[in-house]
>>> print(open('model21.cif').read())   # mmCIF, C-alpha atoms
data_entry
loop_
_atom_site.label_atom_id
_atom_site.label_comp_id
_atom_site.auth_asym_id
_atom_site.auth_seq_id
_atom_site.Cartn_x
_atom_site.Cartn_y
_atom_site.Cartn_z
CA MET A 1115 -45.15 -15.12 41.23
CA ASN A 1116 -42.49 -12.65 42.31
CA LEU A 1117 -39.79 -12.39 39.64
CA GLN A 1118 -38.69 -8.90 40.60
CA ASP A 1119 -35.15 -8.09 39.43
CA LYS A 1120 -34.69 -11.47 37.72
CA ARG A 1121 -33.29 -11.49 34.19
CA ILE A 1122 -34.98 -14.16 32.08
CA LEU A 1123 -34.35 -15.32 28.52
CA VAL A 1124 -37.38 -16.97 26.91
CA THR A 1125 -36.40 -18.49 23.57
CA GLY A 1126 -39.04 -18.41 20.87
CA SER A 1127 -40.98 -15.69 22.68
CA SER A 1128 -42.24 -13.85 19.60
CA ARG A 1129 -45.46 -15.91 19.58
CA GLY A 1130 -47.45 -18.72 21.13
CA ILE A 1131 -46.48 -20.28 24.45
CA GLY A 1132 -43.14 -18.45 24.50
CA ARG A 1133 -44.76 -15.05 24.18
CA ALA A 1134 -47.23 -15.89 26.94
CA ILE A 1135 -44.36 -16.95 29.22
CA ALA A 1136 -42.45 -13.76 28.45
CA GLU A 1137 -45.53 -11.63 29.14
CA GLU A 1138 -46.18 -13.41 32.44
CA ALA A 1139 -42.54 -13.03 33.50
CA ALA A 1140 -42.60 -9.32 32.69
CA ARG A 1141 -45.88 -8.93 34.55
CA CYS A 1142 -44.23 -10.53 37.57
CA GLY A 1143 -41.36 -8.04 37.52
CA ALA A 1144 -38.69 -9.78 35.45
CA THR A 1145 -36.42 -8.18 32.89
CA VAL A 1146 -37.20 -10.33 29.87
CA VAL A 1147 -35.06 -11.07 26.83
CA VAL A 1148 -37.64 -11.39 24.05
CA HIS A 1149 -36.24 -13.72 21.39
CA GLY A 1150 -37.15 -14.76 17.88
CA PRO A 1151 -35.27 -16.29 14.95
CA THR A 1152 -35.32 -13.03 12.98
CA ASP A 1153 -35.86 -9.38 13.84
CA ASP A 1154 -39.21 -9.13 12.07
CA GLU A 1155 -42.64 -7.61 12.71
CA GLU A 1156 -43.68 -10.58 14.85
CA LEU A 1157 -40.73 -10.15 17.20
CA GLN A 1158 -41.25 -6.40 17.32
CA GLY A 1159 -44.93 -6.86 18.14
CA ALA A 1160 -44.12 -9.21 20.99
CA TYR A 1161 -41.43 -6.86 22.29
CA THR A 1162 -43.82 -3.91 22.20
CA ALA A 1163 -46.41 -5.81 24.24
CA ILE A 1164 -43.88 -7.17 26.73
CA SER A 1165 -42.02 -3.90 27.23
CA ALA A 1166 -45.38 -2.28 27.99
CA LEU A 1167 -45.61 -4.65 30.95
CA ASN A 1168 -42.01 -4.02 32.00
CA PRO A 1169 -39.91 -1.42 30.15
CA THR A 1170 -36.65 -3.15 31.08
CA ALA A 1171 -37.27 -5.83 28.41
CA ILE A 1172 -34.90 -6.16 25.48
CA LYS A 1173 -35.28 -8.00 22.17
CA LEU A 1174 -32.68 -10.10 20.41
CA ALA A 1175 -32.84 -12.25 17.29
CA ALA A 1176 -30.88 -15.45 16.74
CA GLU A 1177 -31.31 -18.56 14.60
CA LEU A 1178 -31.00 -21.32 17.18
CA SER A 1179 -30.15 -24.02 14.65
CA GLU A 1180 -26.73 -22.33 14.35
CA PRO A 1181 -24.34 -22.79 17.32
CA GLU A 1182 -22.47 -19.60 16.42
CA ALA A 1183 -25.70 -17.60 16.59
CA ILE A 1184 -26.42 -18.98 20.06
CA ALA A 1185 -22.96 -17.95 21.25
CA ALA A 1186 -23.49 -14.47 19.82
CA LEU A 1187 -26.91 -14.27 21.51
CA PHE A 1188 -25.41 -14.87 24.94
CA GLN A 1189 -22.60 -12.42 24.26
CA GLN A 1190 -25.23 -9.77 23.54
CA ILE A 1191 -27.12 -10.68 26.71
CA ASP A 1192 -23.93 -10.45 28.78
CA SER A 1193 -23.14 -7.09 27.23
CA GLN A 1194 -26.61 -5.59 27.77
CA LEU A 1195 -27.75 -7.26 30.99
CA GLY A 1196 -24.69 -8.81 32.58
CA GLY A 1197 -26.15 -12.31 32.22
CA ILE A 1198 -29.41 -14.02 33.12
CA ASP A 1199 -30.89 -15.59 36.23
CA ALA A 1200 -33.28 -17.90 34.42
CA LEU A 1201 -33.52 -19.56 31.03
CA VAL A 1202 -36.74 -20.87 29.50
CA ASN A 1203 -35.95 -23.16 26.56
CA ASN A 1204 -39.22 -22.82 24.68
CA ALA A 1205 -38.25 -22.50 21.00
CA ALA A 1206 -39.08 -25.60 18.96
CA THR A 1207 -40.16 -26.62 15.51
CA GLN A 1208 -41.99 -29.56 13.99
CA ASN A 1209 -43.11 -31.02 10.68
CA GLY A 1210 -44.87 -34.26 9.94
CA SER A 1211 -43.46 -37.17 7.96
CA PRO A 1212 -43.97 -40.95 8.13
CA ILE A 1213 -40.84 -42.79 9.24
CA LEU A 1214 -40.49 -44.52 5.88
CA GLU A 1215 -40.37 -41.13 4.15
CA LEU A 1216 -38.58 -39.06 6.80
CA ALA A 1217 -35.68 -37.16 5.22
CA THR A 1218 -32.34 -36.89 6.95
CA GLU A 1219 -32.38 -33.10 6.68
CA ASP A 1220 -35.78 -32.95 8.41
CA TRP A 1221 -34.50 -35.16 11.24
CA ASP A 1222 -31.37 -33.02 11.62
CA ARG A 1223 -33.34 -29.74 11.61
CA ILE A 1224 -35.67 -30.93 14.39
CA MET A 1225 -32.77 -32.17 16.51
CA ALA A 1226 -30.79 -28.96 15.97
CA VAL A 1227 -33.62 -26.68 17.13
CA ASN A 1228 -35.45 -28.88 19.64
CA LEU A 1229 -32.55 -30.61 21.39
CA ARG A 1230 -29.11 -29.25 20.50
CA ALA A 1231 -30.18 -25.61 20.92
CA PRO A 1232 -31.64 -26.15 24.42
CA PHE A 1233 -28.40 -27.91 25.40
CA LEU A 1234 -26.23 -25.08 24.08
CA CYS A 1235 -28.43 -22.39 25.60
CA ALA A 1236 -28.37 -24.20 28.94
CA GLN A 1237 -24.61 -24.60 28.72
CA HIS A 1238 -24.02 -20.91 28.00
CA ALA A 1239 -26.50 -19.84 30.68
CA ALA A 1240 -25.08 -22.22 33.29
CA ARG A 1241 -21.50 -21.13 32.68
CA GLY A 1242 -22.52 -17.56 33.41
CA MET A 1243 -24.54 -18.57 36.46
CA VAL A 1244 -21.61 -20.54 37.87
CA ALA A 1245 -19.21 -17.67 37.24
CA ARG A 1246 -21.48 -15.22 39.08
CA GLY A 1247 -22.02 -17.67 41.93
CA ALA A 1248 -25.66 -16.77 42.51
CA GLY A 1249 -27.32 -19.91 41.13
CA GLY A 1250 -30.17 -19.84 38.68
CA THR A 1251 -32.87 -21.89 37.04
CA ILE A 1252 -33.49 -23.58 33.70
CA VAL A 1253 -36.95 -24.52 32.47
CA ASN A 1254 -37.36 -26.72 29.40
CA ILE A 1255 -40.69 -26.73 27.58
CA SER A 1256 -41.30 -30.36 26.73
CA SER A 1257 -44.30 -32.28 25.40
CA VAL A 1258 -46.52 -35.24 26.21
CA HIS A 1259 -45.08 -36.74 23.03
CA ALA A 1260 -41.80 -37.23 24.88
CA TYR A 1261 -43.56 -40.20 26.46
CA ASP A 1262 -46.46 -40.97 24.11
CA PRO A 1263 -45.32 -41.10 20.48
CA ARG A 1264 -47.19 -39.16 17.82
CA ARG A 1265 -47.74 -40.81 14.47
CA ASP A 1266 -45.64 -39.24 11.67
CA TYR A 1267 -43.63 -37.23 14.18
CA ALA A 1268 -40.88 -39.66 15.22
CA HIS A 1269 -38.24 -36.92 15.00
CA TYR A 1270 -40.28 -34.50 17.12
CA SER A 1271 -41.19 -37.10 19.76
CA THR A 1272 -37.56 -38.24 19.95
CA SER A 1273 -36.30 -34.68 20.38
CA LYS A 1274 -38.69 -34.10 23.28
CA GLY A 1275 -37.74 -37.40 24.88
CA GLY A 1276 -34.12 -36.29 24.70
CA LEU A 1277 -35.06 -32.94 26.23
CA GLU A 1278 -36.55 -34.74 29.23
CA GLN A 1279 -33.31 -36.63 29.81
CA LEU A 1280 -31.29 -33.46 29.29
CA THR A 1281 -33.37 -31.80 32.02
CA ARG A 1282 -32.45 -34.52 34.49
CA CYS A 1283 -28.76 -34.40 33.51
CA LEU A 1284 -28.69 -30.63 34.00
CA ALA A 1285 -30.30 -30.99 37.42
CA LEU A 1286 -27.83 -33.71 38.42
CA GLU A 1287 -24.67 -31.88 37.43
CA LEU A 1288 -25.63 -28.28 38.19
CA GLY A 1289 -27.34 -28.70 41.54
CA GLU A 1290 -24.09 -28.21 43.44
CA HIS A 1291 -23.89 -24.73 41.90
CA GLY A 1292 -27.37 -23.78 43.06
CA ILE A 1293 -28.82 -24.16 39.56
CA ARG A 1294 -32.16 -25.89 39.22
CA ALA A 1295 -33.50 -27.55 36.05
CA ASN A 1296 -37.09 -28.64 35.48
CA SER A 1297 -39.34 -29.29 32.51
CA ILE A 1298 -42.97 -28.58 31.74
CA VAL A 1299 -44.59 -31.45 29.86
CA VAL A 1300 -47.17 -29.67 27.74
CA GLY A 1301 -50.27 -31.27 26.30
CA ALA A 1302 -52.49 -29.90 23.54
CA VAL A 1303 -52.53 -26.09 23.68
CA ALA A 1304 -54.46 -23.62 21.55
CA THR A 1305 -51.88 -21.75 19.47
CA GLU A 1306 -51.53 -20.73 15.85
CA LEU A 1307 -49.66 -24.03 15.31
CA THR A 1308 -52.65 -26.14 16.41
CA PRO A 1309 -55.48 -26.17 13.82
CA GLN A 1310 -59.03 -26.10 15.14
CA ASP A 1311 -59.79 -29.63 13.93
CA ARG A 1312 -56.80 -30.93 15.90
CA GLN A 1313 -57.90 -28.99 18.97
CA ASP A 1314 -61.36 -30.56 18.64
CA ALA A 1315 -59.87 -34.05 18.25
CA PHE A 1316 -57.75 -33.62 21.36
CA GLY A 1317 -60.74 -32.29 23.26
CA THR A 1318 -62.42 -35.69 22.99
CA ALA A 1319 -59.38 -37.35 24.64
CA ILE A 1320 -58.82 -34.85 27.45
CA PRO A 1321 -60.64 -35.46 30.77
CA MET A 1322 -61.11 -31.70 31.23
CA GLY A 1323 -62.82 -31.59 27.84
CA ARG A 1324 -60.69 -28.92 26.17
CA VAL A 1325 -57.19 -28.02 25.08
CA GLY A 1326 -55.09 -25.77 27.29
CA TRP A 1327 -54.47 -22.05 27.02
CA VAL A 1328 -51.04 -20.51 26.70
CA ASP A 1329 -51.41 -18.52 29.93
CA GLU A 1330 -51.88 -21.78 31.86
CA ILE A 1331 -48.43 -22.91 30.72
CA ALA A 1332 -47.00 -19.44 31.35
CA ARG A 1333 -48.03 -19.40 35.00
CA MET A 1334 -46.30 -22.74 35.62
CA ALA A 1335 -43.14 -21.46 33.94
CA ALA A 1336 -43.18 -18.35 36.13
CA PHE A 1337 -43.56 -20.53 39.21
CA LEU A 1338 -40.58 -22.69 38.25
CA CYS A 1339 -38.47 -19.58 37.60
CA SER A 1340 -39.38 -18.08 40.96
CA ASP A 1341 -37.93 -18.59 44.42
CA ALA A 1342 -41.20 -20.23 45.47
CA CYS A 1343 -39.79 -23.66 44.51
CA VAL A 1344 -36.11 -23.41 45.42
CA TYR A 1345 -35.91 -27.11 46.34
CA GLN A 1346 -37.47 -28.41 43.13
CA THR A 1347 -35.11 -29.72 40.49
CA GLY A 1348 -34.98 -32.58 38.01
CA SER A 1349 -38.77 -32.74 37.84
CA SER A 1350 -41.14 -32.99 34.89
CA VAL A 1351 -44.35 -31.10 35.61
CA THR A 1352 -47.19 -32.24 33.38
CA VAL A 1353 -49.74 -29.59 32.35
CA ASP A 1354 -52.14 -31.36 30.00
CA GLY A 1355 -55.66 -31.33 31.44
CA GLY A 1356 -55.30 -35.07 32.11
CA LEU A 1357 -54.59 -35.98 28.48
CA THR A 1358 -51.93 -38.55 29.35
CA LEU A 1359 -54.26 -40.33 31.76
CA GLY A 1360 -56.05 -41.89 28.80
CA PHE A 1361 -53.76 -41.18 25.88
CA CYS A 1362 -54.18 -43.56 22.95
CA ALA A 1363 -51.17 -43.34 20.63
CA SER A 1364 -52.90 -45.43 17.98
CA ARG A 1365 -55.54 -42.77 17.30
CA ARG A 1366 -54.83 -41.40 13.87
CA ASP A 1367 -56.50 -38.03 14.58
CA LEU A 1368 -54.00 -37.26 17.36
#
>>> encode(input="model21.cif", output="structure tokens")
Amino acid sequence: MNLQDKRILVTGSSRGIGRAIAEEAARCGATVVVHGPTDDEELQGAYTAISALNPTAIKLAAELSEPEAIAALFQQIDSQLGGIDALVNNAATQNGSPILELATEDWDRIMAVNLRAPFLCAQHAARGMVARGAGGTIVNISSVHAYDPRRDYAHYSTSKGGLEQLTRCLALELGEHGIRANSIVVGAVATELTPQDRQDAFGTAIPMGRVGWVDEIARMAAFLCSDACVYQTGSSVTVDGGLTLGFCASRRDL
């Protein structure tokens, strides 16, 4: 994908899928904002790798559960880059809890990071895109659990379902400004957040016989950020190896 001269913020790009997306974007010529919640060794390591692919990259830290931190993040981006052309809302968190035991603070934390933060980031990004008059694109990293609930993860599944609807609302209202919004519905992917036993369990339910790799998600994100799909908006692109073709929500090992 050709992302030459595009400025792209990838939230949660210090590890996992986000880092892979940031690396792919840099490889394709983009100036990448490498983001993590804190300016730690993990963020520095990701920035070092990404800036080796494209030295125009910058790194910024912000805790996305705090609206003020998101506003400050975009102020820094405006100051250093003059805005962004594309936003990839990747940052998310999760923790398991049965509904009967789910604490209010756990529900609120998931919603703040997984749903409110993508909305606020999209709002800040879109305001800048509209002001510059050159359009732009927003990509939300969603999950198959937006449609197929995961046991003990009601708050996570609900947040991703909301993210899918947010994607469509963004596409509906921002299209007249030349801003596109799409989501990637991700299945089981091998990251540090997915234990090997869970990867093995998913492998038995996936027609392709394995979990996905982060670079497979990254290439789709780069495509959606590129000018190769300028007429695509409001879509949910599923990248799951066929998992949702035979998904069984009652399986306790998934």
>>> residues_around(input="model21.cif", residues="A:Arg1133", least_positions_apart="2", cutoff="9 Å", atoms="all atoms listed in the file", output="ChimeraX atom specification")
/A:1124,1126-1131,1135-1138,1148,1160,1164,1328,1332
>>> closest_residue(input="model21.cif", among="A:Gly1150, A:Gly1348, A:Pro1321, A:Pro1232", to="A:Ser1273", atoms="only C-alpha atoms")
A:Pro1232
>>> resolve_selection(input="model21.cif", expression="the PyMOL selection byres ((chain A and resi 1180) around 12)", output="list in words")
Pro1151, Ala1176, Glu1177, Leu1178, Ser1179, Pro1181, Glu1182, Ala1183, Ile1184, Ala1185, Ala1186, Leu1187, Asp1222, Arg1223, Met1225, Ala1226, Val1227, Arg1230, Ala1231, Pro1232, Leu1234 and Cys1235 of chain A
>>> residues_around(input="model21.cif", residues="stretch 1208-1215 of chain A", least_positions_apart="4", cutoff="10 Å", atoms="all atoms listed in the file", output="list in words")
Asp1220, Trp1221, Arg1223, Ile1224, Met1225, Val1227, Asn1228, Arg1264, Arg1265, Asp1266, Tyr1267, Ala1268, His1269, Tyr1270, Ser1271, Ser1273 and Leu1307 of chain A
>>> atom_distance(input="model21.cif", atom1="atom CA of A:Leu1277", atom2="atom CA of A:Ile1331")
17.3 Å
>>> closest_residue(input="model21.cif", among="A:Gly1247, A:Gly1356, A:Gly1317, A:Gly1275", to="A:Ser1297", atoms="only C-alpha atoms")
A:Gly1275
>>> residues_around(input="model21.cif", residues="stretch 1120-1122 of chain A", least_positions_apart="3", cutoff="6 Å", atoms="all atoms listed in the file", output="CSV table (one decimal) with C-alpha atoms, keeping the file's coordinate frame")
chain,number,residue,atom,x,y,z
A,1117,LEU,CA,-39.8,-12.4,39.6
A,1144,ALA,CA,-38.7,-9.8,35.4
A,1145,THR,CA,-36.4,-8.2,32.9
A,1146,VAL,CA,-37.2,-10.3,29.9
A,1198,ILE,CA,-29.4,-14.0,33.1
A,1199,ASP,CA,-30.9,-15.6,36.2
A,1200,ALA,CA,-33.3,-17.9,34.4
A,1201,LEU,CA,-33.5,-19.6,31.0
>>> closest_residue(input="model21.cif", among="A:Arg1141, A:Asn1296, A:Val1303, A:Thr1125", to="A:Leu1157", atoms="only C-alpha atoms")
A:Thr1125
>>> resolve_selection(input="model21.cif", expression="the PyMOL selection byres ((chain A and resi 1354) around 6)", output="PyMOL selection string")
chain A and resi 1300-1301+1353+1355-1357
>>> write_last_selection(input="model21.cif", atoms="C-alpha atoms", output="CSV table (one decimal), in the frame of the given file")
chain,number,residue,atom,x,y,z
A,1300,VAL,CA,-47.2,-29.7,27.7
A,1301,GLY,CA,-50.3,-31.3,26.3
A,1353,VAL,CA,-49.7,-29.6,32.4
A,1355,GLY,CA,-55.7,-31.3,31.4
A,1356,GLY,CA,-55.3,-35.1,32.1
A,1357,LEU,CA,-54.6,-36.0,28.5
>>> resolve_selection(input="model21.cif", expression="the PyMOL selection byres ((chain A and resi 1350) around 9)", output="PyMOL selection string")
chain A and resi 1256+1278+1281-1282+1296-1299+1347-1349+1351-1352
>>> atom_distance(input="model21.cif", atom1="atom CA of A:Thr1218", atom2="atom CA of A:Phe1188")
29.3 Å
>>> axis_aligned_box(input="model21.cif", around="stretch 1122-1132 of chain A", padding_each_side="6 Å", output="lines of an AutoDock Vina configuration file")
center_x = -40.9
center_y = -17.1
center_z = 25.8
size_x = 25.1
size_y = 18.4
size_z = 24.5
>>> build_atoms(input="model21.cif", residues="stretch 1162-1189 of chain A", atoms="N, CA and C atoms", output="short mmCIF file (atom, residue, chain, number, x, y, z; two decimals), in the frame of the given file")
data_model
loop_
_atom_site.label_atom_id
_atom_site.label_comp_id
_atom_site.auth_asym_id
_atom_site.auth_seq_id
_atom_site.Cartn_x
_atom_site.Cartn_y
_atom_site.Cartn_z
N THR A 1162 -43.01 -5.08 21.85
CA THR A 1162 -43.82 -3.91 22.20
C THR A 1162 -44.79 -4.24 23.32
N ALA A 1163 -45.45 -5.40 23.21
CA ALA A 1163 -46.41 -5.81 24.24
C ALA A 1163 -45.72 -6.10 25.56
N ILE A 1164 -44.58 -6.77 25.51
CA ILE A 1164 -43.88 -7.17 26.73
C ILE A 1164 -43.22 -5.98 27.41
N SER A 1165 -42.64 -5.07 26.63
CA SER A 1165 -42.02 -3.90 27.23
C SER A 1165 -43.06 -2.96 27.82
N ALA A 1166 -44.32 -3.06 27.37
CA ALA A 1166 -45.38 -2.28 27.99
C ALA A 1166 -45.68 -2.79 29.39
N LEU A 1167 -45.43 -4.06 29.63
CA LEU A 1167 -45.61 -4.65 30.95
C LEU A 1167 -44.42 -4.37 31.85
N ASN A 1168 -43.23 -4.34 31.26
CA ASN A 1168 -42.01 -4.02 32.00
C ASN A 1168 -41.01 -3.41 31.02
N PRO A 1169 -40.76 -2.12 31.13
CA PRO A 1169 -39.91 -1.42 30.15
C PRO A 1169 -38.45 -1.83 30.15
N THR A 1170 -38.04 -2.70 31.06
CA THR A 1170 -36.65 -3.15 31.08
C THR A 1170 -36.38 -4.24 30.06
N ALA A 1171 -37.43 -4.74 29.38
CA ALA A 1171 -37.27 -5.83 28.41
C ALA A 1171 -36.36 -5.41 27.25
N ILE A 1172 -35.68 -6.38 26.69
CA ILE A 1172 -34.90 -6.16 25.48
C ILE A 1172 -35.28 -7.22 24.47
N LYS A 1173 -35.00 -6.98 23.20
CA LYS A 1173 -35.28 -8.00 22.17
C LYS A 1173 -34.01 -8.33 21.42
N LEU A 1174 -33.85 -9.62 21.13
CA LEU A 1174 -32.68 -10.10 20.41
C LEU A 1174 -33.11 -11.21 19.46
N ALA A 1175 -32.53 -11.22 18.28
CA ALA A 1175 -32.84 -12.25 17.29
C ALA A 1175 -31.65 -13.18 17.12
N ALA A 1176 -31.94 -14.47 16.97
CA ALA A 1176 -30.88 -15.45 16.74
C ALA A 1176 -31.50 -16.72 16.18
N GLU A 1177 -30.87 -17.29 15.17
CA GLU A 1177 -31.31 -18.56 14.60
C GLU A 1177 -30.69 -19.69 15.42
N LEU A 1178 -31.52 -20.36 16.21
CA LEU A 1178 -31.00 -21.32 17.18
C LEU A 1178 -30.49 -22.62 16.57
N SER A 1179 -30.72 -22.83 15.29
CA SER A 1179 -30.15 -24.02 14.65
C SER A 1179 -28.66 -23.84 14.38
N GLU A 1180 -28.14 -22.62 14.61
CA GLU A 1180 -26.73 -22.33 14.35
C GLU A 1180 -26.00 -22.09 15.67
N PRO A 1181 -25.08 -22.95 16.06
CA PRO A 1181 -24.34 -22.79 17.32
C PRO A 1181 -23.67 -21.43 17.46
N GLU A 1182 -23.15 -20.91 16.36
CA GLU A 1182 -22.47 -19.60 16.42
C GLU A 1182 -23.46 -18.50 16.77
N ALA A 1183 -24.69 -18.61 16.29
CA ALA A 1183 -25.70 -17.60 16.59
C ALA A 1183 -26.10 -17.65 18.06
N ILE A 1184 -26.11 -18.85 18.63
CA ILE A 1184 -26.42 -18.98 20.06
C ILE A 1184 -25.32 -18.34 20.89
N ALA A 1185 -24.07 -18.57 20.53
CA ALA A 1185 -22.96 -17.95 21.25
C ALA A 1185 -23.04 -16.44 21.17
N ALA A 1186 -23.37 -15.93 19.99
CA ALA A 1186 -23.49 -14.47 19.82
C ALA A 1186 -24.66 -13.92 20.63
N LEU A 1187 -25.74 -14.69 20.72
CA LEU A 1187 -26.91 -14.27 21.51
C LEU A 1187 -26.52 -14.06 22.96
N PHE A 1188 -25.79 -14.99 23.53
CA PHE A 1188 -25.41 -14.87 24.94
C PHE A 1188 -24.36 -13.79 25.15
N GLN A 1189 -23.53 -13.54 24.16
CA GLN A 1189 -22.60 -12.42 24.26
C GLN A 1189 -23.35 -11.10 24.32
#
